[in-house]
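Worksheet for the structure shown next.
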Amino acid sequence: MVVIFRVLIYPGIGFILFLAFTYDWLYRKILAKFQLRIGPQVAGHKGVLQSLADFIKTSTKEEIIPDKSHKVIFEYLPIFSPLPLLLALFFIPINSEYAIINNQGDLYAILFLISLFAAIQITLGWASGNNYAMIGASRSGLQLVSFGIPLVFASITSVMLAGSFSFSDIVIYQRDNNWVIWGVGFLAFCIFLITSLAEMEKVPFDTPEAETEIAGGWTVEYSGRKYAFIILSELLKEVLMVGLTVTLFLGGPTGPTFGMDGIVKKILFTIYFLLKSSAVIFILSLLSASLARLKVSQITEGTWSLLTPISIMSVILIIII
Amino acid sequence: MKIFIELIKNFFTKPVTVDFPITSKGLNKPERLRGRHYLDNDICTGCKRCYRVCPSFVIEMIEITENMRHLHKNMKKKFTPVINLDGCIFCGACEDVCPTDALNLTNNIVVPSDNREKLKVK
């Protein structure tokens with residue numbers, strides 16, 4: 001019974017969906033504040049239900065299937081697209097040092113699931129039978145290849161310091177020692193944030209979706225329920241990348257417990273997780289607001305000639321220290 | 001680096017966007033802004049000049065019936081204008097041509113409505 005509650009409600013699917021919609025609202029609201037706008041404000045208190053409203057509204061729209069599309073993939077793959085990310089989120093510790101799923105290869109699993117989602121994106125773009133979608137999908141693939149290596153090297157920093165691939169061990173290491181961000185891990189943290197933005201396809205790395213250039217990229221042909229699921233998977237990806245940043249560099253959900261134990265400790269840990277996540281979202285919004293969309297050539301050049309060497313250097317730095 | 005400082009400043013500054021139409025507070029309306037019409041039925045003579053001059057043909061003249069008579073003080077008046085705002089381009093020609101200044105364009109720009117009857121100025 002406890003396991004079912006943990007998987008389905010807290011900190012499982014229900015709580016993750018709550019986080020997905022809330023983080024997106026927070027991201028949009030902070031971005032609006034940076035741009036002197038108001039941001040979402042109509043649905044719910046200060047627009048907190050805006051993302052949920054968008055999801056529901058989109059899912060009620062008409063679905064159009066293009067003639068040139070690959071019918072089976074086009075019809076069914078979007079429905080399964082949030083699953084790898086939902087599964088990946090089960091590895092993130094939210095209310096205690098231990099996540100719903102925890103084993104010795106957490107990071108491997110997460111990186112595999114992120115790559116799997118990228119593969120789904122490319123397949124979705126290809127299955128649309130649209131040139132814009134194909135360009136978007138190829139750009140998505142290019143970003144996966146470009147940002148994959150810095151992402152792995154940045155994550156490896158925490159693994160090397162904690163001496164384990166398990167997120168629980170990394171969180172426990174940071175609880176007992178300093179957070180990874182303080183000290184040698186800071187460089188890796190910066191790299192991880194940049195790669196997170198790229199993974200989330202946010203400005204300045206939104207070339208796969210670039211509305212003004214390729215009309216939405218790989219998502220261009222999807223409408224109605226299918227597009228709603230794609231939106232959901234993007235929101236889940238946001239939670240995953242923010243959760244990963246918190247887990248790997250900011251000590252996960254741990255913090256002062258004031259001698260509390262049991263359910264109070266879990267609630268305290270959840271609050272810490274939310275606060276740390278909010279800080280990460282603030283930084284991500286700041287980066288998004290400060291930069292304009294980069295060209296594909298600039299992204300590739302920047303990652304291969306700048307980000308990848310720096311990430312390797314950061315790993316070497318940790319080995320030396 | 002300069003942009004980050006600017007953005008952080010923005011974060012703690014009040015938004016430039018006015019929360020319109022929830023509130024009109026902070027809305028910078030120009031002095032001669034042309035918005036919703038105001039028709040003073042007491043001084044309107046029903047001369048049909050506004051009806052003739054309207055370039056969008058959105059003003060119709062309706063005959064004053066006995067039921068409507070109590071709304072109009074001028075007993076000689078036989079017709080009264082009804083302005084359909086849904087097609088109006090707010091050019092102000094009707095206001096200019098009105099001999100008694102009965103028709104005025106106010107600075108109230110909250111015109112849109114989901115009810116067509118509310119888009120009529122009588």
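In the structure tokens, chains take letters A, B, ... by order of appearance, with residues numbered from 1 within each chain and ligands from 1 in the order shown.
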
request  = Would you list, as a VMD selection string, the residues of chain B that end up in strand (DSSP E) under DSSP run on this structure's backbone?
outcome  = chain B and resid 37 to 39 59 to 63 79 to 84 103 to 105 120 to 121

request  = Restrict the distance test to only C-alpha atoms, flag each residue of chain B within 7 Å of chain A, and return the flagged residues as JSON, numbers by chain.
outcome  = {"B": [3, 4, 7, 8, 10, 11, 15, 16, 17]}

key: For His45 (chain A): contacts at 12 Å, only C-alpha atoms, fewer than 5 positions along chain excluded, given as a PyMOL selection string   = chain A and resi 22+25+40+50

Looking only at the backbone, which of the residues in chain B does DSSP tag as alpha helix (DSSP H), as a PDB file with N, CA and C atoms, in the first residue's frame?
ATOM      1  N   LYS B   2      26.666  43.098 -17.934  1.00  0.00           N
ATOM      2  CA  LYS B   2      25.795  44.263 -17.757  1.00  0.00           C
ATOM      3  C   LYS B   2      24.317  43.850 -17.848  1.00  0.00           C
ATOM      4  N   ILE B   3      24.067  42.907 -18.772  1.00  0.00           N
ATOM      5  CA  ILE B   3      22.677  42.473 -18.974  1.00  0.00           C
ATOM      6  C   ILE B   3      22.127  41.786 -17.719  1.00  0.00           C
ATOM      7  N   PHE B   4      22.968  41.029 -17.010  1.00  0.00           N
ATOM      8  CA  PHE B   4      22.510  40.340 -15.800  1.00  0.00           C
ATOM      9  C   PHE B   4      22.095  41.355 -14.732  1.00  0.00           C
ATOM     10  N   ILE B   5      22.911  42.411 -14.589  1.00  0.00           N
ATOM     11  CA  ILE B   5      22.595  43.451 -13.594  1.00  0.00           C
ATOM     12  C   ILE B   5      21.267  44.124 -13.965  1.00  0.00           C
ATOM     13  N   GLU B   6      21.126  44.384 -15.269  1.00  0.00           N
ATOM     14  CA  GLU B   6      19.900  45.018 -15.760  1.00  0.00           C
ATOM     15  C   GLU B   6      18.684  44.129 -15.480  1.00  0.00           C
ATOM     16  N   LEU B   7      18.846  42.825 -15.738  1.00  0.00           N
ATOM     17  CA  LEU B   7      17.728  41.887 -15.538  1.00  0.00           C
ATOM     18  C   LEU B   7      17.365  41.754 -14.058  1.00  0.00           C
ATOM     19  N   ILE B   8      18.389  41.713 -13.204  1.00  0.00           N
ATOM     20  CA  ILE B   8      18.117  41.616 -11.759  1.00  0.00           C
ATOM     21  C   ILE B   8      17.375  42.874 -11.294  1.00  0.00           C
ATOM     22  N   LYS B   9      17.783  44.018 -11.845  1.00  0.00           N
ATOM     23  CA  LYS B   9      17.085  45.276 -11.517  1.00  0.00           C
ATOM     24  C   LYS B   9      15.625  45.169 -11.955  1.00  0.00           C
ATOM     25  N   ASN B  10      15.433  44.669 -13.166  1.00  0.00           N
ATOM     26  CA  ASN B  10      14.076  44.508 -13.703  1.00  0.00           C
ATOM     27  C   ASN B  10      13.221  43.632 -12.795  1.00  0.00           C
ATOM     28  N   PHE B  11      13.862  42.587 -12.251  1.00  0.00           N
ATOM     29  CA  PHE B  11      13.139  41.623 -11.421  1.00  0.00           C
ATOM     30  C   PHE B  11      12.487  42.308 -10.223  1.00  0.00           C
ATOM     31  N   ARG B  49     -27.246  63.776 -39.637  1.00  0.00           N
ATOM     32  CA  ARG B  49     -25.962  64.145 -40.243  1.00  0.00           C
ATOM     33  C   ARG B  49     -24.900  63.078 -39.972  1.00  0.00           C
ATOM     34  N   CYS B  50     -24.900  62.568 -38.740  1.00  0.00           N
ATOM     35  CA  CYS B  50     -23.926  61.522 -38.389  1.00  0.00           C
ATOM     36  C   CYS B  50     -24.156  60.273 -39.246  1.00  0.00           C
ATOM     37  N   TYR B  51     -25.395  59.973 -39.477  1.00  0.00           N
ATOM     38  CA  TYR B  51     -25.791  58.815 -40.287  1.00  0.00           C
ATOM     39  C   TYR B  51     -25.247  58.947 -41.711  1.00  0.00           C
ATOM     40  N   ARG B  52     -25.315  60.187 -42.241  1.00  0.00           N
ATOM     41  CA  ARG B  52     -24.872  60.412 -43.620  1.00  0.00           C
ATOM     42  C   ARG B  52     -23.356  60.406 -43.740  1.00  0.00           C
ATOM     43  N   VAL B  53     -22.682  60.932 -42.702  1.00  0.00           N
ATOM     44  CA  VAL B  53     -21.227  61.111 -42.816  1.00  0.00           C
ATOM     45  C   VAL B  53     -20.450  59.824 -42.475  1.00  0.00           C
ATOM     46  N   ALA B  93     -15.778  61.264 -37.282  1.00  0.00           N
ATOM     47  CA  ALA B  93     -16.497  62.097 -38.254  1.00  0.00           C
ATOM     48  C   ALA B  93     -17.878  62.482 -37.718  1.00  0.00           C
ATOM     49  N   CYS B  94     -18.566  61.567 -37.047  1.00  0.00           N
ATOM     50  CA  CYS B  94     -19.903  61.833 -36.504  1.00  0.00           C
ATOM     51  C   CYS B  94     -19.839  62.910 -35.432  1.00  0.00           C
ATOM     52  N   GLU B  95     -18.788  62.871 -34.636  1.00  0.00           N
ATOM     53  CA  GLU B  95     -18.607  63.864 -33.569  1.00  0.00           C
ATOM     54  C   GLU B  95     -18.390  65.257 -34.182  1.00  0.00           C
ATOM     55  N   ASP B  96     -17.563  65.297 -35.246  1.00  0.00           N
ATOM     56  CA  ASP B  96     -17.259  66.583 -35.890  1.00  0.00           C
ATOM     57  C   ASP B  96     -18.502  67.216 -36.521  1.00  0.00           C
ATOM     58  N   VAL B  97     -19.333  66.347 -37.097  1.00  0.00           N
ATOM     59  CA  VAL B  97     -20.445  66.865 -37.885  1.00  0.00           C
ATOM     60  C   VAL B  97     -21.674  67.199 -37.032  1.00  0.00           C
TER      61      VAL B  97
END

Enumerate, in order of chain and increasing residue number, the residues of region 225-298 of chain A with an atom no farther than 12 Å from region 108-124 of chain A, each with its shortest atom pair and distance in Å to one decimal, counting only C-alpha atoms, as a Markdown table.
| residue | atom | partner | partner_atom | distance |
| --- | --- | --- | --- | --- |
| A:Lys226 | CA | A:Leu124 | CA | 10.6 |
| A:Tyr227 | CA | A:Leu124 | CA | 11.0 |
| A:Ile230 | CA | A:Gln121 | CA | 9.2 |
| A:Ile231 | CA | A:Gln121 | CA | 12.0 |
| A:Ser233 | CA | A:Phe117 | CA | 8.9 |
| A:Glu234 | CA | A:Phe117 | CA | 10.0 |
| A:Leu236 | CA | A:Phe117 | CA | 11.0 |
| A:Lys237 | CA | A:Ile114 | CA | 8.4 |
| A:Glu238 | CA | A:Ile114 | CA | 11.6 |
| A:Leu240 | CA | A:Ile110 | CA | 9.2 |
| A:Met241 | CA | A:Ile114 | CA | 9.6 |
| A:Gly243 | CA | A:Ile110 | CA | 11.4 |
| A:Leu244 | CA | A:Ile110 | CA | 9.1 |

Please produce a file of those selected residues containing C-alpha atoms, as a PDB file, in the first residue's frame.
ATOM      1  CA  LYS A 226      -0.836  14.336 -29.089  1.00  0.00           C
ATOM      2  CA  TYR A 227       0.532  17.835 -28.704  1.00  0.00           C
ATOM      3  CA  ILE A 230       4.392  16.471 -26.060  1.00  0.00           C
ATOM      4  CA  ILE A 231       3.885  19.562 -23.886  1.00  0.00           C
ATOM      5  CA  SER A 233       6.908  15.565 -21.755  1.00  0.00           C
ATOM      6  CA  GLU A 234       8.647  18.924 -22.148  1.00  0.00           C
ATOM      7  CA  LEU A 236       8.611  16.721 -17.235  1.00  0.00           C
ATOM      8  CA  LYS A 237      11.988  17.269 -18.853  1.00  0.00           C
ATOM      9  CA  GLU A 238      12.146  20.650 -17.114  1.00  0.00           C
ATOM     10  CA  LEU A 240      14.037  16.282 -14.523  1.00  0.00           C
ATOM     11  CA  MET A 241      16.832  18.698 -15.403  1.00  0.00           C
ATOM     12  CA  GLY A 243      15.847  17.874 -10.161  1.00  0.00           C
ATOM     13  CA  LEU A 244      19.139  16.551 -11.494  1.00  0.00           C
TER      14      LEU A 244
END

query = Got a sec: who's within 6 Å of region 253-264 of chain A, counting only C-alpha atoms, leaving out chain neighbours fewer than 3 positions off, as a ChimeraX atom specification?
reply = /A:94,267,269,272-273

query = Near Leu33 (chain B), within 12 Å and counting only C-alpha atoms, which residues show up once chain neighbours fewer than 6 positions away are dropped, as an NGL selection string?
reply = :B and (90-92 or 104-109)

query = Taking only C-alpha atoms into account, which of A:Tyr10, A:Tyr76, A:Phe192, A:Phe18 comes nearest Ile149 (chain A)?
reply = A:Phe192
